[in-house]
$ cat upload29.cif   # mmCIF, C-alpha atoms
data_target
#
loop_
_atom_site.label_atom_id
_atom_site.label_comp_id
_atom_site.auth_asym_id
_atom_site.auth_seq_id
_atom_site.Cartn_x
_atom_site.Cartn_y
_atom_site.Cartn_z
CA MET A 1 206.37 49.30 -68.58
CA LYS A 2 206.70 45.73 -67.62
CA VAL A 3 205.17 43.13 -69.94
CA ALA A 4 204.11 39.92 -68.28
CA SER A 5 205.45 36.62 -69.58
CA THR A 6 205.61 33.09 -68.26
CA GLU A 7 208.34 30.53 -68.26
CA ILE A 8 207.23 27.27 -69.95
CA ASP A 9 209.82 24.58 -70.36
CA GLY A 10 212.55 27.19 -70.21
CA ARG A 11 210.82 29.40 -72.84
CA LYS A 12 209.71 32.93 -72.21
CA VAL A 13 206.14 32.99 -73.58
CA PHE A 14 203.87 36.05 -74.00
CA SER A 15 200.14 35.96 -74.27
CA VAL A 16 198.81 37.71 -77.40
CA SER A 17 197.46 40.52 -75.35
CA SER A 18 200.64 41.12 -73.42
CA PHE A 19 202.64 40.88 -76.64
CA ASN A 20 200.42 43.52 -78.26
CA GLN A 21 200.66 45.60 -75.14
CA GLY A 22 204.42 45.41 -75.36
CA ILE A 23 204.49 46.46 -78.99
CA SER A 24 202.02 49.19 -78.25
CA SER A 25 204.08 50.66 -75.45
CA TRP A 26 207.19 50.44 -77.58
CA LEU A 27 205.43 52.25 -80.47
CA GLU A 28 204.34 54.95 -78.08
CA ARG A 29 207.95 55.87 -77.52
CA LEU A 30 208.47 56.68 -81.21
CA PRO A 31 208.44 60.37 -82.13
CA THR A 32 205.57 62.19 -83.78
CA VAL A 33 206.30 62.64 -87.50
CA TRP A 34 204.89 64.07 -90.75
CA VAL A 35 203.94 61.48 -93.39
CA GLU A 36 203.05 62.43 -96.95
CA GLY A 37 200.69 60.48 -99.18
CA GLU A 38 197.41 60.37 -101.08
CA VAL A 39 194.12 59.99 -99.26
CA THR A 40 192.19 56.90 -100.32
CA GLU A 41 189.25 54.98 -98.89
CA LEU A 42 188.15 57.83 -96.68
CA ARG A 43 185.45 56.56 -94.31
CA ARG A 44 183.57 58.97 -92.12
CA GLN A 45 180.28 58.30 -90.39
CA GLU A 46 178.37 60.28 -87.82
CA ARG A 47 178.10 57.36 -85.41
CA TRP A 48 181.77 56.51 -85.52
CA ALA A 49 184.15 58.00 -82.99
CA ALA A 50 186.98 58.13 -85.52
CA VAL A 51 187.48 58.88 -89.19
CA PHE A 52 189.50 56.31 -91.15
CA PHE A 53 191.46 56.52 -94.37
CA THR A 54 194.39 54.93 -96.07
CA LEU A 55 197.40 56.98 -96.93
CA LYS A 56 198.90 55.70 -100.14
CA ASP A 57 202.36 56.28 -101.50
CA PRO A 58 201.82 57.49 -105.07
CA GLU A 59 205.24 56.12 -106.08
CA ASN A 60 204.75 52.43 -105.30
CA GLY A 61 201.32 52.05 -103.76
CA ALA A 62 202.56 51.34 -100.23
CA CYS A 63 199.71 51.85 -97.81
CA LEU A 64 199.31 53.12 -94.26
CA ALA A 65 196.10 53.04 -92.26
CA VAL A 66 195.32 56.36 -90.61
CA GLN A 67 192.70 57.29 -88.08
CA MET A 68 191.72 60.47 -86.34
CA PRO A 69 189.02 61.28 -83.79
CA ARG A 70 186.00 62.50 -85.75
CA GLY A 71 185.63 65.72 -83.78
CA GLN A 72 189.21 66.74 -84.53
CA PHE A 73 188.86 65.72 -88.17
CA ASP A 74 185.66 67.76 -88.61
CA ALA A 75 187.19 70.75 -86.87
CA LEU A 76 189.88 70.90 -89.58
CA ARG A 77 187.13 71.52 -92.17
CA LEU A 78 189.31 69.99 -94.85
CA GLU A 79 186.52 68.47 -96.92
CA LEU A 80 189.06 65.85 -97.99
CA ALA A 81 188.36 63.72 -101.00
CA ASP A 82 189.98 60.52 -102.22
CA GLY A 83 193.12 61.13 -104.24
CA GLU A 84 194.11 64.31 -102.47
CA ARG A 85 197.66 64.65 -101.34
CA VAL A 86 198.16 65.41 -97.68
CA HIS A 87 200.72 65.70 -94.94
CA VAL A 88 199.61 63.85 -91.85
CA TYR A 89 201.22 64.68 -88.51
CA GLY A 90 200.92 61.75 -86.14
CA ARG A 91 202.42 58.82 -84.36
CA PRO A 92 202.18 55.08 -84.87
CA GLU A 93 199.73 53.27 -82.72
CA LEU A 94 198.57 49.70 -82.27
CA TYR A 95 194.96 48.68 -81.92
CA ALA A 96 195.79 46.06 -79.32
CA ARG A 97 192.60 44.01 -79.69
CA ARG A 98 193.35 43.29 -83.31
CA GLY A 99 197.07 43.71 -83.41
CA ALA A 100 196.45 46.22 -86.18
CA PHE A 101 198.88 49.01 -86.69
CA HIS A 102 197.90 52.51 -87.83
CA LEU A 103 198.99 56.08 -87.76
CA ARG A 104 197.05 58.19 -85.26
CA ALA A 105 196.74 61.61 -86.90
CA LEU A 106 197.02 64.72 -84.76
CA THR A 107 196.59 67.04 -87.69
CA ILE A 108 196.24 66.89 -91.46
CA GLU A 109 197.21 69.51 -94.04
CA ARG A 110 196.74 69.57 -97.74
CA TYR A 111 200.02 69.44 -99.45
CA GLY A 112 200.75 71.79 -102.34
CA LEU A 113 197.23 73.13 -102.72
CA GLY A 114 196.99 74.13 -99.10
CA ALA A 115 197.43 77.83 -99.56
CA HIS A 116 195.04 78.02 -102.49
CA LEU A 117 192.51 76.06 -100.61
CA LEU A 118 192.65 78.14 -97.50
CA ALA A 119 192.09 81.26 -99.56
CA LEU A 120 189.30 79.57 -101.42
CA GLU A 121 187.63 78.46 -98.24
CA ARG A 122 187.79 81.99 -96.86
CA LEU A 123 186.32 83.42 -100.08
CA LYS A 124 183.56 80.85 -100.00
CA LYS A 125 182.62 81.78 -96.45
CA ARG A 126 182.63 85.47 -97.25
CA LEU A 127 180.46 85.08 -100.35
CA ALA A 128 178.11 82.76 -98.50
CA LEU A 129 177.66 85.37 -95.76
CA GLU A 130 176.84 87.94 -98.45
CA GLY A 131 174.14 85.61 -99.73
CA VAL A 132 175.73 84.99 -103.11
CA PHE A 133 174.96 81.28 -102.83
CA ALA A 134 171.57 81.64 -101.12
CA GLU A 135 168.70 79.47 -102.33
CA GLU A 136 166.33 82.44 -102.32
CA VAL A 137 168.23 84.28 -105.06
CA LYS A 138 168.24 81.32 -107.41
CA ARG A 139 166.01 81.76 -110.43
CA PRO A 140 163.92 79.16 -112.23
CA LEU A 141 164.96 78.17 -115.75
CA PRO A 142 162.71 79.15 -118.66
CA ARG A 143 160.24 76.42 -119.52
CA ILE A 144 161.08 76.59 -123.21
CA PRO A 145 164.19 78.66 -123.90
CA ARG A 146 164.22 80.76 -127.07
CA LEU A 147 167.98 80.87 -127.30
CA ILE A 148 170.42 78.92 -125.13
CA GLY A 149 173.91 80.27 -124.53
CA LEU A 150 176.76 77.82 -124.03
CA VAL A 151 180.15 78.85 -122.67
CA THR A 152 182.66 76.06 -123.10
CA GLY A 153 186.22 75.27 -123.97
CA ASN A 154 187.12 74.33 -127.49
CA ASP A 155 187.76 70.81 -126.27
CA ALA A 156 185.06 68.76 -127.88
CA ALA A 157 183.80 66.64 -124.99
CA ALA A 158 181.86 69.05 -122.78
CA LYS A 159 180.47 70.98 -125.74
CA ARG A 160 179.44 67.83 -127.55
CA ASP A 161 177.78 66.38 -124.45
CA VAL A 162 175.70 69.50 -123.89
CA LEU A 163 174.67 69.85 -127.53
CA THR A 164 173.85 66.15 -127.90
CA SER A 165 171.63 66.06 -124.87
CA ILE A 166 169.85 69.29 -125.87
CA SER A 167 169.15 68.18 -129.42
CA SER A 168 168.05 64.69 -128.50
CA ARG A 169 165.55 66.01 -126.00
CA PHE A 170 164.38 69.09 -127.83
CA PRO A 171 165.45 69.13 -131.51
CA PRO A 172 164.14 72.64 -132.33
CA ALA A 173 166.37 74.26 -129.65
CA ASN A 174 168.59 77.17 -130.68
CA VAL A 175 172.03 77.27 -129.11
CA LEU A 176 174.58 80.04 -129.28
CA VAL A 177 178.05 78.70 -128.45
CA ALA A 178 180.95 80.78 -127.16
CA GLU A 179 184.22 78.87 -127.12
CA THR A 180 186.72 80.32 -124.74
CA TYR A 181 189.64 79.58 -122.43
CA VAL A 182 188.50 77.36 -119.61
CA GLN A 183 191.79 76.98 -117.81
CA GLY A 184 194.81 79.05 -117.02
CA GLU A 185 195.36 82.65 -116.09
CA ARG A 186 193.05 84.13 -118.67
CA ALA A 187 190.16 81.77 -118.19
CA ALA A 188 188.14 83.65 -115.56
CA ARG A 189 188.05 86.90 -117.56
CA ALA A 190 187.48 85.03 -120.81
CA VAL A 191 184.48 83.17 -119.39
CA GLU A 192 183.10 86.42 -118.00
CA ASP A 193 183.45 88.10 -121.43
CA ALA A 194 181.86 85.12 -123.17
CA MET A 195 178.89 85.29 -120.80
CA ALA A 196 178.43 89.00 -121.50
CA ALA A 197 178.65 88.41 -125.25
CA LEU A 198 176.03 85.65 -125.14
CA CYS A 199 173.70 87.79 -123.03
CA ALA A 200 174.08 90.60 -125.55
CA GLY A 201 173.24 88.02 -128.21
CA GLY A 202 169.82 87.56 -126.62
CA VAL A 203 170.10 84.22 -124.83
CA ASP A 204 167.52 83.54 -122.14
CA VAL A 205 169.46 80.86 -120.31
CA LEU A 206 173.17 80.20 -120.04
CA ILE A 207 175.22 77.04 -119.56
CA ILE A 208 178.84 77.08 -118.41
CA ALA A 209 180.32 73.68 -119.10
CA ARG A 210 183.79 72.38 -118.56
CA GLY A 211 185.01 68.83 -118.38
CA GLY A 212 186.88 67.40 -115.43
CA GLY A 213 190.35 68.59 -114.53
CA SER A 214 192.81 68.97 -111.71
CA PHE A 215 192.16 71.27 -108.82
CA ASP A 216 194.37 73.88 -110.48
CA ASP A 217 192.54 73.52 -113.80
CA LEU A 218 189.23 74.28 -112.15
CA LEU A 219 190.51 77.13 -110.00
CA PRO A 220 189.41 79.88 -112.45
CA PHE A 221 185.83 78.80 -111.76
CA SER A 222 186.24 79.93 -108.20
CA ASP A 223 187.50 83.38 -109.20
CA GLU A 224 185.63 85.97 -107.16
CA ARG A 225 184.86 88.31 -110.04
CA LEU A 226 183.57 85.46 -112.19
CA VAL A 227 181.48 84.10 -109.32
CA ARG A 228 179.88 87.52 -108.87
CA ALA A 229 179.34 87.84 -112.62
CA VAL A 230 177.45 84.53 -112.57
CA ARG A 231 175.24 85.76 -109.73
CA ALA A 232 174.63 89.07 -111.50
CA CYS A 233 174.00 87.48 -114.90
CA PRO A 234 170.71 88.82 -116.32
CA VAL A 235 169.56 85.32 -117.32
CA PRO A 236 169.59 82.09 -115.27
CA VAL A 237 172.88 80.19 -115.30
CA VAL A 238 173.39 76.42 -115.26
CA SER A 239 176.87 75.27 -114.33
CA ALA A 240 178.50 71.96 -115.13
CA ILE A 241 182.10 72.26 -114.10
CA GLY A 242 184.40 69.33 -113.55
CA HIS A 243 183.11 66.09 -112.15
CA GLU A 244 180.45 65.45 -109.58
CA GLN A 245 182.82 65.79 -106.62
CA ASP A 246 184.48 69.03 -107.79
CA VAL A 247 182.45 71.92 -106.52
CA SER A 248 183.65 75.28 -107.73
CA LEU A 249 182.30 78.55 -106.38
CA VAL A 250 180.70 79.19 -109.77
CA ASP A 251 178.73 75.98 -109.20
CA LEU A 252 177.51 77.36 -105.90
CA ALA A 253 176.57 80.74 -107.36
CA ALA A 254 174.83 79.33 -110.43
CA ASP A 255 171.04 79.12 -110.42
CA VAL A 256 171.25 75.41 -111.10
CA ARG A 257 174.21 73.11 -110.72
CA ALA A 258 174.41 70.14 -113.05
CA SER A 259 176.78 67.35 -112.16
CA THR A 260 177.75 66.76 -115.80
CA PRO A 261 177.51 68.68 -119.10
CA SER A 262 174.92 66.17 -120.40
CA ILE A 263 172.70 66.82 -117.41
CA ALA A 264 173.08 70.58 -117.93
CA GLY A 265 171.79 70.10 -121.48
CA ARG A 266 168.81 68.10 -120.28
CA LEU A 267 167.96 70.66 -117.62
CA VAL A 268 167.58 73.63 -119.97
CA VAL A 269 165.09 72.12 -122.40
CA PRO A 270 161.81 70.26 -122.02
CA ASP A 271 161.34 66.83 -123.54
CA LEU A 272 159.67 67.57 -126.88
CA ALA A 273 157.85 64.23 -127.00
CA GLU A 274 156.46 64.75 -123.51
CA LEU A 275 155.53 68.32 -124.36
CA ARG A 276 153.68 67.15 -127.48
CA ALA A 277 151.79 64.52 -125.50
CA TRP A 278 150.84 67.12 -122.91
CA LEU A 279 149.69 69.56 -125.57
CA GLU A 280 147.58 66.86 -127.19
CA ARG A 281 145.97 65.94 -123.89
CA THR A 282 145.29 69.59 -123.13
CA GLN A 283 143.81 70.16 -126.56
CA LEU A 284 141.45 67.23 -126.19
CA GLY A 285 140.43 68.43 -122.75
CA LEU A 286 139.87 71.94 -124.08
CA HIS A 287 137.63 70.69 -126.84
CA ARG A 288 135.64 68.52 -124.46
CA LYS A 289 135.17 71.36 -122.02
CA ALA A 290 134.13 73.87 -124.69
CA ARG A 291 131.57 71.40 -126.01
CA ARG A 292 130.22 70.68 -122.56
CA MET A 293 129.88 74.38 -121.79
CA CYS A 294 127.87 74.90 -124.97
CA GLU A 295 125.67 71.95 -124.13
CA ARG A 296 125.02 73.18 -120.62
CA ARG A 297 124.00 76.58 -121.89
CA ALA A 298 121.75 75.09 -124.51
CA GLU A 299 120.01 73.02 -121.83
CA ARG A 300 119.56 76.02 -119.61
CA LEU A 301 118.18 78.03 -122.51
CA ALA A 302 115.71 75.26 -123.36
CA ARG A 303 114.46 75.22 -119.77
CA THR A 304 114.08 79.01 -119.72
CA ARG A 305 112.27 78.96 -123.04
CA GLU A 306 109.79 76.39 -121.73
CA ARG A 307 109.12 78.57 -118.69
CA LEU A 308 108.71 81.60 -120.97
CA ARG A 309 106.02 79.74 -122.96
CA GLN A 310 104.19 78.51 -119.90
CA ALA A 311 104.17 81.73 -117.90
CA PRO A 312 101.84 83.90 -120.05
CA LEU A 313 99.45 81.00 -120.67
CA ARG A 314 99.10 80.42 -116.98
CA GLU A 315 98.70 84.13 -116.37
CA LEU A 316 95.94 84.40 -119.01
CA GLU A 317 94.23 81.35 -117.54
CA ARG A 318 94.31 82.94 -114.13
CA ARG A 319 92.82 86.13 -115.46
CA ARG A 320 90.13 84.26 -117.37
CA THR A 321 89.15 82.39 -114.22
CA ARG A 322 88.95 85.61 -112.28
CA LEU A 323 86.83 87.21 -115.02
CA GLU A 324 84.42 84.27 -114.90
CA ALA A 325 84.04 84.66 -111.19
CA THR A 326 83.41 88.38 -111.49
CA ARG A 327 80.85 87.88 -114.20
CA ALA A 328 78.98 85.33 -112.07
CA HIS A 329 78.97 87.75 -109.18
CA LEU A 330 77.76 90.55 -111.40
CA HIS A 331 75.02 88.36 -112.71
CA ALA A 332 73.88 87.54 -109.21
CA LEU A 333 73.40 91.20 -108.54
CA SER A 334 71.44 91.98 -111.76
CA PRO A 335 67.56 92.57 -111.63
CA SER A 336 66.85 89.67 -113.96
CA ALA A 337 68.31 87.30 -111.37
CA THR A 338 65.83 88.75 -108.86
CA LEU A 339 62.90 88.17 -111.28
CA GLU A 340 64.06 84.58 -111.64
CA ARG A 341 63.44 84.13 -107.98
CA GLY A 342 59.73 85.14 -108.52
CA TYR A 343 59.76 88.86 -107.98
CA ALA A 344 58.00 91.18 -110.43
CA ILE A 345 58.57 94.74 -111.54
CA VAL A 346 55.40 96.83 -111.80
CA ARG A 347 55.36 100.05 -113.79
CA ALA A 348 52.66 102.69 -114.20
CA GLY A 349 53.56 104.43 -117.44
CA ASP A 350 57.31 104.89 -117.09
CA ARG A 351 57.40 105.12 -113.29
CA LEU A 352 58.04 102.19 -111.01
CA VAL A 353 55.14 101.48 -108.67
CA ARG A 354 56.28 101.63 -105.05
CA GLU A 355 52.92 102.51 -103.35
CA PRO A 356 49.50 100.87 -103.95
CA PRO A 357 48.13 102.80 -107.00
CA ALA A 358 44.64 104.29 -107.41
CA LEU A 359 42.01 101.80 -108.44
CA GLY A 360 41.79 101.26 -112.18
CA THR A 361 45.34 102.43 -112.89
CA GLU A 362 46.77 100.81 -116.02
CA LEU A 363 49.90 98.83 -115.05
CA ALA A 364 52.66 96.96 -116.88
CA VAL A 365 54.00 93.87 -115.00
CA GLU A 366 57.34 92.37 -115.79
CA VAL A 367 58.26 88.85 -114.57
CA ALA A 368 61.10 86.55 -115.45
CA GLY A 369 59.19 85.03 -118.35
CA GLY A 370 58.09 88.36 -119.93
CA ALA A 371 55.74 91.34 -119.46
CA PHE A 372 51.91 91.61 -119.38
CA PRO A 373 49.43 94.47 -118.83
CA ALA A 374 47.24 94.67 -115.72
CA ARG A 375 44.80 97.03 -113.95
CA ALA A 376 44.78 97.97 -110.28
CA GLY A 377 41.57 96.59 -108.73
CA MET B 378 122.32 96.87 -128.75
CA SER B 379 124.65 94.95 -131.03
CA GLU B 380 127.48 94.51 -128.51
CA ARG B 381 125.50 92.68 -125.86
CA SER B 382 127.01 89.53 -124.55
CA PHE B 383 125.37 86.13 -124.37
CA GLU B 384 125.38 86.42 -120.60
CA GLN B 385 123.60 89.79 -120.65
CA ASP B 386 120.90 88.44 -122.95
CA GLN B 387 120.56 85.36 -120.80
CA ALA B 388 120.19 87.44 -117.64
CA GLU B 389 117.54 89.65 -119.24
CA LEU B 390 115.61 86.62 -120.49
CA GLU B 391 115.63 85.00 -117.09
CA ALA B 392 114.49 88.24 -115.43
CA ILE B 393 111.56 88.42 -117.88
CA VAL B 394 110.55 84.84 -117.16
CA GLU B 395 110.65 85.47 -113.44
CA ARG B 396 108.46 88.57 -113.80
CA LEU B 397 105.98 86.66 -115.90
CA GLU B 398 105.93 83.83 -113.39
CA ARG B 399 105.25 86.19 -110.52
CA GLY B 400 102.28 87.52 -112.54
CA GLU B 401 102.66 91.15 -111.60
CA VAL B 402 102.44 92.58 -115.09
CA GLU B 403 99.70 94.39 -116.93
CA LEU B 404 98.08 92.66 -119.86
CA GLU B 405 99.74 94.76 -122.59
CA GLU B 406 103.03 94.36 -120.73
CA LEU B 407 102.48 90.60 -120.70
CA ALA B 408 102.41 90.41 -124.48
CA ARG B 409 105.31 92.81 -124.85
CA LEU B 410 107.48 90.91 -122.37
CA TRP B 411 106.67 87.60 -123.95
CA GLU B 412 107.64 88.90 -127.39
CA ARG B 413 110.87 90.28 -126.01
CA GLY B 414 111.57 86.95 -124.31
CA GLU B 415 110.99 85.00 -127.49
CA LEU B 416 113.30 87.35 -129.41
CA LEU B 417 116.04 86.82 -126.79
CA CYS B 418 115.54 83.05 -126.91
CA ARG B 419 115.97 82.96 -130.67
CA ARG B 420 119.05 85.18 -130.49
CA LEU B 421 120.65 83.07 -127.74
CA ALA B 422 119.90 79.82 -129.53
CA ALA B 423 121.42 81.15 -132.75
CA GLU B 424 124.51 82.33 -130.92
CA LEU B 425 124.90 78.95 -129.20
CA SER B 426 124.62 76.92 -132.35
CA ASP B 427 127.05 79.31 -134.04
CA THR B 428 129.58 78.75 -131.23
CA GLN B 429 129.04 75.00 -131.27
CA GLY B 430 129.55 75.00 -135.02
CA ARG B 431 132.80 76.91 -134.64
CA ILE B 432 134.09 74.47 -132.02
CA GLU B 433 133.28 71.46 -134.17
CA GLU B 434 134.81 73.11 -137.23
CA LEU B 435 138.00 73.88 -135.33
CA ALA B 436 138.18 70.31 -134.08
CA ARG B 437 137.79 69.03 -137.64
CA GLN B 438 140.54 71.36 -138.84
CA LEU B 439 142.90 70.20 -136.10
CA GLU B 440 142.22 66.57 -136.94
CA ALA B 441 142.90 67.32 -140.61
CA GLU B 442 146.15 69.14 -139.81
CA ALA B 443 147.51 66.30 -137.70
CA PRO B 444 146.52 63.11 -139.46
CA GLU B 445 149.56 61.29 -138.12
CA ARG B 446 148.40 61.88 -134.59
CA ARG B 447 147.65 58.80 -132.58
CA THR B 448 144.63 58.69 -130.34
#
$ encode --input "upload29.cif" --output "structure tokens"
Amino acid sequence: MKVASTEIDGRKVFSVSSFNQGISSWLERLPTVWVEGEVTELRRQERWAAVFFTLKDPENGACLAVQMPRGQFDALRLELADGERVHVYGRPELYARRGAFHLRALTIERYGLGAHLLALERLKKRLALEGVFAEEVKRPLPRIPRLIGLVTGNDAAAKRDVLTSISSRFPPANVLVAETYVQGERAARAVEDAMAALCAGGVDVLIIARGGGSFDDLLPFSDERLVRAVRACPVPVVSAIGHEQDVSLVDLAADVRASTPSIAGRLVVPDLAELRAWLERTQLGLHRKARRMCERRAERLARTRERLRQAPLRELERRRTRLEATRAHLHALSPSATLERGYAIVRAGDRLVREPPALGTELAVEVAGGAFPARAG
Amino acid sequence: MSERSFEQDQAELEAIVERLERGEVELEELARLWERGELLCRRLAAELSDTQGRIEELARQLEAEAPERRT
């Protein structure tokens, strides 16, 4: 490729852009190579076309900018984190606009841990398909645990962190601790045995805590049998393994994952002070409600009692009124009422006189005011 | 008759009052129902004040047990 230059006063002068273009085309002729280093400053964003990171020489800190198209990077499914050692296969490239040099990566492989990781990734996929990590199988933690089981190494830090946070939040908590191997060949089985022993001891929640460590150190916590044992554990399991960014398969299978041992401790117990305050509020509310219920019933009873007193009185009054009316009616029909109107009853002896009697018959006449004798004339 | 609940007594009392208010009872029945109603009233009132007393007593006990408690 020809790079344009101009002659000025006998000098051959390049513009910046044609200079960069020249360098760029020269760099393009270099071979593709493998470069080893530690990943730092990894920057990946959905809206960026490329992923950027700096490859650092662990020996002397020498740095090399690396970039890779985001699609290719994602397809590798490396889940790279800062500090990881990698082999990058790529060729040098110049970003002509800025004159910035970087390594364009064609592929990236983990160095050293690669084999482990591949196996781990496969196991993770398989277990995920089986549903071992599914949200639906995760169990809630007991509100107030009777006995907490803690599986931890005999290194003080993780154990101390868990116990401190439990006892500061909920002093009456009971904790059963099983110290065991948490790294090396025997760790996975040892943790599994410790879990079984704690469950047999009657714990109702279990914490597995281990401080940070290298990838190798944490590998036992991705052991398939242990992962399955965590899922099958009869009581809920809280895991706090390594640091925030280290995610072991045990973390994924646990019912709750805590990012640190202290957080695990806080998750398994309620805050005693808060609990007390709640209890107090509830008690007050209970008392108020019970009192109000009694009062309401008393009021209802008083109303009913008043009705009970009124009802028979009204009923008697009604009957009395009716009786009065009947009596008045009865009176209206009686003979004396007829006499009052001026009629008279005439008797001859003990017979009522209905026909004109024979002259001279002795009669008895009854009028409203009394009776008097008379003679038919 | 001893194991009747407050609610049963209350329901019976209210049924009596309703019958009396409808006025469909014979005179002897009137007196009998009224007596029964009064008996139920007294029983319910006694039961209520007993319950209220128990609630207040319990509240006093709780206050006494937790004197350090803030309000």
$ resolve_selection --input "upload29.cif" --expression "the PyMOL selection byres ((chain B) within 9 of (chain A))" --output "number ranges by chain"
B: 387, 390-391, 393-395, 397-400, 404, 407-408, 411, 414-415, 418, 421-422, 425-426, 428-429, 432-433, 436, 446
$ resolve_selection --input "upload29.cif" --expression "the PyMOL selection byres ((chain A and resi 198) around 10)" --output "number ranges by chain"
A: 147-151, 176-178, 193-197, 199-206
$ residues_around --input "upload29.cif" --residues "Arg47 of chain A" --least-positions-apart "2" --cutoff "12 Å" --atoms "all atoms listed in the file" --output "list in words"
Arg43, Arg44, Gln45, Ala49, Ala50, Val51, Pro69, Arg70 and Gly71 of chain A
$ atom_distance --input "upload29.cif" --atom1 "atom CA of Arg322 of chain A" --atom2 "atom CA of Glu403 of chain B"
14.6 Å
$ atom_distance --input "upload29.cif" --atom1 "atom CA of Leu219 of chain A" --atom2 "atom CA of Glu244 of chain A"
15.4 Å
$ resolve_selection --input "upload29.cif" --expression "the PyMOL selection byres ((chain A and resi 127) around 12)" --output "JSON list (two decimals) with C-alpha atoms, in the coordinates of the input"
[["chain", "number", "residue", "atom", "x", "y", "z"],
["A", 120, "LEU", "CA", 189.30, 79.57, -101.42],
["A", 121, "GLU", "CA", 187.63, 78.46, -98.24],
["A", 122, "ARG", "CA", 187.79, 81.99, -96.86],
["A", 123, "LEU", "CA", 186.32, 83.42, -100.08],
["A", 124, "LYS", "CA", 183.56, 80.85, -100.00],
["A", 125, "LYS", "CA", 182.62, 81.78, -96.45],
["A", 126, "ARG", "CA", 182.63, 85.47, -97.25],
["A", 128, "ALA", "CA", 178.11, 82.76, -98.50],
["A", 129, "LEU", "CA", 177.66, 85.37, -95.76],
["A", 130, "GLU", "CA", 176.84, 87.94, -98.45],
["A", 131, "GLY", "CA", 174.14, 85.61, -99.73],
["A", 132, "VAL", "CA", 175.73, 84.99, -103.11],
["A", 133, "PHE", "CA", 174.96, 81.28, -102.83],
["A", 134, "ALA", "CA", 171.57, 81.64, -101.12],
["A", 222, "SER", "CA", 186.24, 79.93, -108.20],
["A", 223, "ASP", "CA", 187.50, 83.38, -109.20],
["A", 224, "GLU", "CA", 185.63, 85.97, -107.16],
["A", 225, "ARG", "CA", 184.86, 88.31, -110.04],
["A", 227, "VAL", "CA", 181.48, 84.10, -109.32],
["A", 228, "ARG", "CA", 179.88, 87.52, -108.87],
["A", 231, "ARG", "CA", 175.24, 85.76, -109.73],
["A", 249, "LEU", "CA", 182.30, 78.55, -106.38],
["A", 250, "VAL", "CA", 180.70, 79.19, -109.77],
["A", 252, "LEU", "CA", 177.51, 77.36, -105.90],
["A", 253, "ALA", "CA", 176.57, 80.74, -107.36]]
$ atom_distance --input "upload29.cif" --atom1 "atom CA of Ala258 of chain A" --atom2 "atom CA of Glu38 of chain A"
27.7 Å
$ residues_around --input "upload29.cif" --residues "Ser17 of chain A" --least-positions-apart "3" --cutoff "9 Å" --atoms "all atoms listed in the file" --output "list of chain:residue names"
A:Phe14, A:Asn20, A:Gln21, A:Gly22, A:Ala96, A:Arg97, A:Gly99
$ axis_aligned_box --input "upload29.cif" --around "segment 156-170 of chain A" --padding-each-side "5 Å" --output "lines of an AutoDock Vina configuration file"
center_x = 174.7
center_y = 67.8
center_z = -126.1
size_x = 30.7
size_y = 16.3
size_z = 16.6
$ residues_around --input "upload29.cif" --residues "Leu27 of chain A" --least-positions-apart "6" --cutoff "10 Å" --atoms "only C-alpha atoms" --output "ChimeraX atom specification"
/A:21,91-94,101
$ closest_residue --input "upload29.cif" --among "A:Phe52, A:Glu179, A:Val269, A:Val230" --to "Asp255 of chain A" --atoms "only C-alpha atoms"
A:Val230
